[in-house]
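Novice: Sharing upload_20.cif here; it has mmCIF, C-alpha atoms.
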data_data
loop_
_atom_site.label_atom_id
_atom_site.label_comp_id
_atom_site.auth_asym_id
_atom_site.auth_seq_id
_atom_site.Cartn_x
_atom_site.Cartn_y
_atom_site.Cartn_z
CA MET I 10 0.00 0.00 0.00
CA GLU I 11 1.47 3.33 -1.04
CA PRO I 12 1.89 6.13 1.52
CA GLY I 13 -1.29 8.05 2.20
CA LYS I 14 -3.51 5.35 0.73
CA ILE I 15 -5.46 5.14 4.00
CA LYS I 16 -6.79 8.63 3.21
CA GLU I 17 -8.79 7.04 0.40
CA PHE I 18 -10.84 5.14 2.98
CA LYS I 19 -11.79 8.04 5.27
CA ILE I 20 -15.50 7.76 4.51
CA PRO I 21 -15.87 4.00 5.17
CA ILE I 22 -13.69 4.26 8.28
CA SER I 23 -15.71 7.18 9.64
CA LEU I 24 -19.00 5.36 8.95
CA LEU I 25 -17.68 2.28 10.76
CA LEU I 26 -16.62 4.44 13.72
CA ILE I 27 -20.04 6.09 13.78
CA ALA I 28 -21.75 2.70 13.88
CA ILE I 29 -19.51 1.30 16.63
CA THR I 30 -19.69 4.38 18.85
CA LEU I 31 -23.44 4.71 18.35
CA PHE I 32 -23.81 1.07 19.41
CA PHE I 33 -21.97 1.74 22.67
CA MET I 34 -23.76 5.05 23.21
CA VAL I 35 -27.06 3.15 23.13
CA LEU I 36 -25.91 -0.02 24.91
CA PHE I 37 -24.47 1.54 28.07
CA PRO I 38 -27.50 3.70 29.03
CA LEU I 39 -29.81 0.75 28.36
CA TYR I 40 -27.77 -1.25 30.86
CA TRP I 41 -27.44 1.54 33.45
CA PHE I 42 -31.14 2.30 33.59
CA ASN I 43 -32.45 -1.25 32.96
CA LEU I 44 -34.60 0.04 30.10
CA VAL I 45 -34.51 -3.16 28.07
CA ILE I 46 -33.64 -6.75 28.80
CA LEU I 47 -30.27 -7.17 27.13
CA PRO I 48 -28.92 -10.47 25.78
CA VAL I 49 -26.67 -12.36 28.18
CA GLU I 50 -23.61 -11.72 25.98
CA PHE I 51 -23.95 -7.97 26.37
CA LEU I 52 -24.57 -8.23 30.10
CA ASN I 53 -21.46 -10.38 30.49
CA LEU I 54 -19.44 -7.87 28.47
CA ILE I 55 -20.63 -4.89 30.50
CA ASN I 56 -20.20 -6.73 33.81
CA PHE I 57 -16.65 -7.61 32.76
CA ILE I 58 -15.97 -3.95 31.97
CA GLY I 59 -17.40 -2.91 35.34
CA ASN I 60 -17.16 0.75 36.33
CA TRP I 61 -15.06 1.47 33.27
CA SER I 62 -18.32 1.57 31.30
CA TYR I 63 -18.73 5.25 32.25
CA TYR I 64 -15.32 6.08 30.79
CA LEU I 65 -15.99 3.99 27.70
CA PHE I 66 -19.28 5.81 27.24
CA ALA I 67 -17.42 9.14 27.35
CA VAL I 68 -14.89 7.81 24.83
CA ALA I 69 -17.76 6.64 22.61
CA VAL I 70 -19.37 10.09 22.70
CA ILE I 71 -16.10 11.81 21.81
CA GLY I 72 -15.39 9.19 19.12
CA PHE I 73 -18.86 9.66 17.67
CA PHE I 74 -18.45 13.40 17.27
CA TYR I 75 -14.97 12.95 15.81
CA ALA I 76 -16.22 10.39 13.27
CA VAL I 77 -19.12 12.65 12.25
CA TYR I 78 -16.67 15.53 11.81
CA LEU I 79 -14.32 13.31 9.78
CA PHE I 80 -17.17 12.15 7.54
CA TYR I 81 -18.53 15.67 7.04
CA SER I 82 -15.15 17.25 6.28
CA THR I 83 -14.21 14.51 3.83
CA VAL I 84 -17.50 14.76 1.94
CA LYS I 85 -17.21 18.56 1.88
CA ASP I 86 -13.60 18.38 0.61
CA ARG I 87 -14.53 15.91 -2.13
CA LYS I 88 -17.40 18.09 -3.27
CA LYS I 89 -15.24 21.21 -3.32
CA PHE I 90 -12.44 19.36 -5.15
CA GLU I 91 -14.82 18.19 -7.87
CA GLU I 92 -16.27 21.69 -8.27
CA LEU I 93 -12.85 23.32 -8.53
CA ILE I 94 -11.23 20.75 -10.78
CA ASN I 95 -14.12 20.88 -13.26
CA ALA I 96 -13.65 24.61 -13.80
CA ASP I 97 -14.35 25.59 -17.40
CA SER I 98 -11.64 28.17 -17.83
CA LYS I 99 -7.92 27.90 -17.30
CA SER I 100 -7.84 31.18 -15.36
CA ALA I 101 -10.44 29.93 -12.86
CA PHE I 102 -8.46 26.71 -12.44
CA VAL I 103 -5.19 28.59 -11.86
CA LYS I 104 -6.90 30.93 -9.39
CA ASN I 105 -8.05 27.92 -7.33
CA LEU I 106 -4.88 25.86 -7.80
CA ARG I 107 -3.60 26.43 -4.26
CA ASP I 108 -6.89 25.22 -2.74
CA LEU I 109 -6.89 22.23 -5.07
CA GLU I 110 -3.38 21.23 -4.02
CA ILE I 111 -4.25 21.44 -0.32
CA ILE I 112 -7.49 19.50 -0.71
CA SER I 113 -5.91 16.84 -2.92
CA ARG I 114 -3.18 16.18 -0.34
CA ARG I 115 -5.85 15.85 2.35
CA LEU I 116 -7.90 13.40 0.28
CA GLY I 117 -5.15 11.07 -0.85
CA PRO I 118 -3.02 9.88 -3.77
CA SER I 119 -5.81 9.36 -6.30
CA PHE I 120 -6.89 13.00 -5.95
CA VAL I 121 -3.27 14.18 -6.29
CA LYS I 122 -3.11 12.12 -9.48
CA LYS I 123 -6.35 13.67 -10.80
CA LEU I 124 -4.96 17.15 -10.12
CA ARG I 125 -1.68 16.33 -11.83
CA GLU I 126 -3.56 15.02 -14.89
CA LYS I 127 -5.71 18.16 -15.05
CA LYS I 128 -2.61 20.37 -14.80
CA GLU I 129 -1.00 18.44 -17.65
CA GLU I 130 -4.20 18.73 -19.69
CA LEU I 131 -4.24 22.52 -19.24
CA ARG I 132 -0.42 22.70 -19.60
CA ILE I 133 0.15 24.35 -16.23
CA LYS I 134 3.55 24.07 -14.59
CA SER I 135 4.02 24.33 -10.86
#
Just dump the structure as C-alpha cells.
Specialist:
Amino acid sequence: MEPGKIKEFKIPISLLLIAITLFFMVLFPLYWFNLVILPVEFLNLINFIGNWSYYLFAVAVIGFFYAVYLFYSTVKDRKKFEELINADSKSAFVKNLRDLEIISRRLGPSFVKKLREKKEELRIKS
C-alpha cells in the first residue's frame, strides 16, 4: 500500500466508527437504567468492563463526534475538489490551484493524481 492510501478510505472508516460508537452510546444507558432486557452476551461484556463503562461511554461520545466531523469534512472536501477541478476556464483553475493542491493532499493519492492530470491537460507548470 502506497503512503497516504489510508486517506482514500476516510468515509468508510468514519462510517464504521459512527456505527460502533453509536452502538456503545445506546448499549451503556440501556444497561445503566435497565430500560430493556439485554442479551446475556452484552450483560457479560458490560459486567466484565465494570465501572469502566462510564469512561468507555465518554470515549464513545467523543469518538462519535470525531467520526461525524471526519465524515462531514471529507465529503465537503470531495465536493469542493470536484467543483474546482471541473472549472471551465484555465484562469479559474489557476486561481483555485492552491486550494486544489491542499485539498488533494488531504484526500489522498488518487486526488493528487487527478490534479496532476488536469494540470497536464491545461499545460500548467508548478
Novice: Please enclose the listed atoms of region 87-99 of chain I in an axis-aligned box, pad each side by 6 Å, and write out the centre and the three edge lengths in Å, rounded to one decimal, as AutoDock Vina command-line options.
Specialist:
--center_x -12.7 --center_y 22.0 --center_z -10.0 --size_x 21.5 --size_y 24.3 --size_z 27.7
Novice: What gap, in Å, lies between CA of Ile29 (chain I) and CA of Phe120 (chain I)?
Specialist: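 Result for CA of Ile29 (chain I) versus CA of Phe120 (chain I): 28.4 Å, one decimal.
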Novice: Identify, on the basis of only C-alpha atoms, every residue whose closest approach to region 51-67 of chain I does not exceed 12 Å; exclude the query and any residue fewer than 6 positions from it along the same chain; express the result as an MDAnalysis selection string.
Specialist: chainID I and resid 29:41 43 45 73:74
Novice: When you count all atoms listed in the file, which of these residues is closest to Ala96 (chain I): I:Lys122, I:Arg114, I:Lys19, I:Lys128?
Specialist: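 The shortest atom-to-atom distance to Ala96 (chain I) comes from I:Lys128.
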Novice: From the list I:Lys123, I:Pro48, I:Ile133, I:Pro21, which residue is nearest Ser100 (chain I) when using all atoms listed in the file?
Specialist: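 When distances to Ser100 (chain I) are compared using all atoms listed in the file, the smallest one comes from I:Ile133.
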Novice: What separation in Å, quoted to one decimal, exists between CA of Phe90 (chain I) and CA of Gly117 (chain I)?
Specialist: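 About the pair CA of Phe90 (chain I) and CA of Gly117 (chain I): they are 11.8 Å apart.
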Novice: Evaluate the PyMOL selection byres ((chain I and resi 82-85) around 12) on the structure here and hand back the selected residues as a ChimeraX atom specification.
Specialist: /I:16-24,75-81,86-92,112-117
Novice: So how far away is CA of Pro118 (chain I) from CA of Asn105 (chain I), in Å?
Specialist: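 A separation of 19.1 Å between them.
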Novice: Nearest residue to Leu93 (chain I) out of I:Leu109, I:Ile71, I:Ile27, I:Leu131, using all atoms listed in the file?
Specialist: I:Leu109
Novice: Select, from I:Lys99, I:Lys104, I:Ile94, I:Leu44, the residue with the minimum atom-to-atom distance to Val121 (chain I), counting only C-alpha atoms.
Specialist: I:Ile94
Novice: Between I:Val49, I:Ala101, I:Leu25, I:Leu124, which has the minimum distance to Gly72 (chain I) (counting all atoms listed in the file)?
Specialist: I:Leu25
